[in-house]
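Engineer: One structure follows; several queries about it will come next.
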Amino acid sequence: MVRTGFNKEKVLPVIKKVPLFANFSDKDLHVLLGRTNAYKCQRGETVFLENEREQFMYVILGGRLKVVEITREGQERVMAIRHRGDYFGDMGILDGKTDFATVIAMEDSKVLLLTKSLFDEFLQENARVMQGIITELCRRLRECWLFHTIIGTNDAESKIRVTLARFGKTLGVPNSNGVIINAPFTHQALADRVQVSRETVTRMLKKMKNNGEIEMVEGRRIKLLPKFFQEIARCELYRALSGDS
């Protein structure tokens, strides 16, 4: 990657949407941006390597990157596609642990890089910002609890519907006539997530597709259509969990 400049005022709206920075003031973010650097990466370049020892957080300022898992056979399995405003490595700068995925540029891109040492120094200087981080971590723990509750439900259809609704909320990109879940899902991956059989997932997705609730778009991503939201509003599990989310 090659270091490059960036306009703070243009970058500010981008990082304000990153959940980790949700409770930061504009002044806090300006101070933080003053200590960070932006880098250009070329198509095909590895930006972040699985189990990389250095802890960095990246915010995508432009371009498109893919998050992949390298199989034992050396093949890439695409886990997600990331665009402007997306981010990765946020947990690593908090706990110092490595991530279990590799990130590769799909086209010429630009990223903002934040190191753990810099972020630690920044937090030590600002107790209020630290409280905001705690609030965000609590939100994530609550989200984990919700999925634990979903898994414990016996109704397979409700589990799949509510999981898609949650992904629509946390990973969704609004579209003119729906919400695209901005991550590719195989039927097996979704089945593993909610602990049902792949055949059950395939049958349910086909049912929802035929019912005009979802459609598949580029990159094996699922688009939730208006009828999906009408149906999910009648789901008892969804209504119960919505009161806790």
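Residue numbers start at 1 in each chain; chains themselves are named A, B, ... in the order of the structure tokens; ligands are numbered from 1 in the order shown.
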Within range 20-83 of chain A, find each residue whose DSSP state, derived from the backbone, is helix (DSSP H, G or I), and express the selection as a list in words.

Structural biologist: Leu20, Phe21, Asp26, Lys27, Asp28, Leu29, His30, Val31, Leu32 and Leu33 of chain A

Engineer: Give me the residues within 12 Å of Ala101 in chain A as a ChimeraX atom specification, counting only C-alpha atoms and dropping any in the same chain fewer than 6 places off.

Structural biologist: /A:46-52,66-71,76-80,88-89

Engineer: Take the residues from that selection and write them out as a PDB file, in the first residue's frame, keeping C-alpha atoms.

Structural biologist:
ATOM      1  CA  THR A  46      -3.702  -8.015   0.102  1.00  0.00           C
ATOM      2  CA  VAL A  47      -4.672  -5.295   2.559  1.00  0.00           C
ATOM      3  CA  PHE A  48      -5.099  -7.409   5.670  1.00  0.00           C
ATOM      4  CA  LEU A  49      -3.737 -10.915   6.202  1.00  0.00           C
ATOM      5  CA  GLU A  50      -5.383 -13.590   8.333  1.00  0.00           C
ATOM      6  CA  ASN A  51      -3.700 -13.841  11.766  1.00  0.00           C
ATOM      7  CA  GLU A  52      -1.635 -10.707  11.056  1.00  0.00           C
ATOM      8  CA  LYS A  66     -13.409  -8.741  -0.374  1.00  0.00           C
ATOM      9  CA  VAL A  67     -13.094 -10.560   2.936  1.00  0.00           C
ATOM     10  CA  VAL A  68     -11.974 -14.121   2.263  1.00  0.00           C
ATOM     11  CA  GLU A  69     -11.110 -17.279   4.123  1.00  0.00           C
ATOM     12  CA  ILE A  70      -8.247 -19.333   2.698  1.00  0.00           C
ATOM     13  CA  THR A  71      -9.155 -23.018   2.757  1.00  0.00           C
ATOM     14  CA  GLU A  76     -10.445 -18.412  -1.491  1.00  0.00           C
ATOM     15  CA  ARG A  77     -13.910 -18.534   0.025  1.00  0.00           C
ATOM     16  CA  VAL A  78     -15.507 -15.094  -0.137  1.00  0.00           C
ATOM     17  CA  MET A  79     -17.188 -14.213   3.142  1.00  0.00           C
ATOM     18  CA  ALA A  80     -18.187 -10.595   2.430  1.00  0.00           C
ATOM     19  CA  PHE A  88     -12.719  -4.191   9.482  1.00  0.00           C
ATOM     20  CA  GLY A  89     -10.224  -4.831  12.274  1.00  0.00           C
TER      21      GLY A  89
END

Engineer: Show me, as a PyMOL selection string, the residues that have an atom within 12 Å of Cys235 in chain A when counting only C-alpha atoms, minus same-chain residues fewer than 3 positions from it.

Structural biologist: chain A and resi 155+157-163+165+228-232+238-242

Engineer: Using only C-alpha atoms, which protein or nucleic acid residues come within 12 Å of Glu136 in chain A? Drop anything in the same chain fewer than 3 positions from it, and give the result as a PyMOL selection string.

Structural biologist: chain A and resi 18-24+90-91+94+129-133+139-143

Engineer: Just the number, please: distance in Å from CA of Arg166 in chain A to CA of Leu61 in chain A, one decimal.

Structural biologist: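 So the answer is 25.7 Å.
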
Engineer: Extract, using only C-alpha atoms, all DNA, RNA and protein residues at most 12 Å from Gly63 in chain A, discarding same-chain residues fewer than 5 positions from it, and format them as a PyMOL selection string.

Structural biologist: chain A and resi 39-44+81-86+104-111

Engineer: Near range 184-189 of chain A, counting only C-alpha atoms, which residues have an atom at most 6 Å away, once you skip same-chain residues fewer than 4 positions from it, shown as a ChimeraX atom specification?

Structural biologist: /A:80,198,220-221

Engineer: Would you save the residues of that selection, restricted to N, CA and C atoms, as an mmCIF file, in the first residue's frame?

Structural biologist:
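The result, written out as part_19.cif:
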data_model
loop_
_atom_site.group_PDB
_atom_site.id
_atom_site.type_symbol
_atom_site.label_atom_id
_atom_site.label_comp_id
_atom_site.auth_asym_id
_atom_site.auth_seq_id
_atom_site.Cartn_x
_atom_site.Cartn_y
_atom_site.Cartn_z
ATOM 1 N N ALA A 80 -17.468 -11.870 2.497
ATOM 2 C CA ALA A 80 -18.187 -10.595 2.430
ATOM 3 C C ALA A 80 -17.508 -9.683 1.420
ATOM 4 N N ARG A 198 -29.329 -27.791 5.889
ATOM 5 C CA ARG A 198 -29.213 -26.999 4.655
ATOM 6 C C ARG A 198 -30.472 -27.161 3.813
ATOM 7 N N ARG A 220 -24.247 -13.587 -4.571
ATOM 8 C CA ARG A 220 -24.983 -14.459 -3.645
ATOM 9 C C ARG A 220 -25.552 -13.686 -2.462
ATOM 10 N N ARG A 221 -25.872 -12.426 -2.674
ATOM 11 C CA ARG A 221 -26.469 -11.630 -1.604
ATOM 12 C C ARG A 221 -27.987 -11.687 -1.693
#

Engineer: A:Arg193, A:Lys116, A:Pro226, A:Val103: which is nearest Met208 in chain A, counting only C-alpha atoms?

Structural biologist: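 Smallest distance to Met208 in chain A is found for A:Pro226.
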
Engineer: Mind the document's chain letters and residue numbers, and return as a PyMOL selection string the residues of range 1-241 of chain A that DSSP labels strand (DSSP E).

Structural biologist: chain A and resi 2-4+37-41+46-48+56-62+65-70+76-82+87-88+102-105+109-115+172-175+178-181+214-217+221-224

Engineer: CA of Lys223 in chain A to CA of Ile15 in chain A: how many Å, to one decimal?

Structural biologist: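 Separation between CA of Lys223 in chain A and CA of Ile15 in chain A: 25.4 Å.
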
Engineer: Skip Asn211 in chain A itself and residues of its chain fewer than 4 positions away, then list as a ChimeraX atom specification all residues within 9 Å of it, counting only C-alpha atoms.

Structural biologist: /A:206-207,227-228

Engineer: May I have the selected residues written with C-alpha atoms, as a PDB file, in the first residue's frame?

Structural biologist:
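Listing of result-v1.pdb after writing:
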ATOM      1  CA  LYS A 206     -37.333 -20.977  -2.211  1.00  0.00           C
ATOM      2  CA  LYS A 207     -40.687 -20.444  -0.509  1.00  0.00           C
ATOM      3  CA  LYS A 227     -43.390  -8.194   1.353  1.00  0.00           C
ATOM      4  CA  PHE A 228     -40.687  -9.749   3.552  1.00  0.00           C
TER       5      PHE A 228
END

Engineer: Any idea what the distance is between CA of Gly62 in chain A and CA of Phe119 in chain A?

Structural biologist: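 Separation between CA of Gly62 in chain A and CA of Phe119 in chain A: 22.5 Å.
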
Engineer: Find, counting only C-alpha atoms, the residue in A:Tyr87, A:Val196, A:Ala183, A:Phe167 that gets nearest to Glu218 in chain A.

Structural biologist: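 Of A:Tyr87, A:Val196, A:Ala183, A:Phe167, the one nearest Glu218 in chain A is A:Ala183, counting only C-alpha atoms.
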
Engineer: Of the residues A:Ile222, A:Gln55, A:Thr36, A:Val173, which is the one nearest to Leu190 in chain A, using only C-alpha atoms?

Structural biologist: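 Using only C-alpha atoms, Leu190 in chain A sits closest to A:Ile222.
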
Engineer: Just checking: using only C-alpha atoms, which residue out of A:Val201, A:Met57, A:Ile93, A:Asn126 ends up closest to Lys27 in chain A?

Structural biologist: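 The shortest atom-to-atom distance to Lys27 in chain A comes from A:Asn126.
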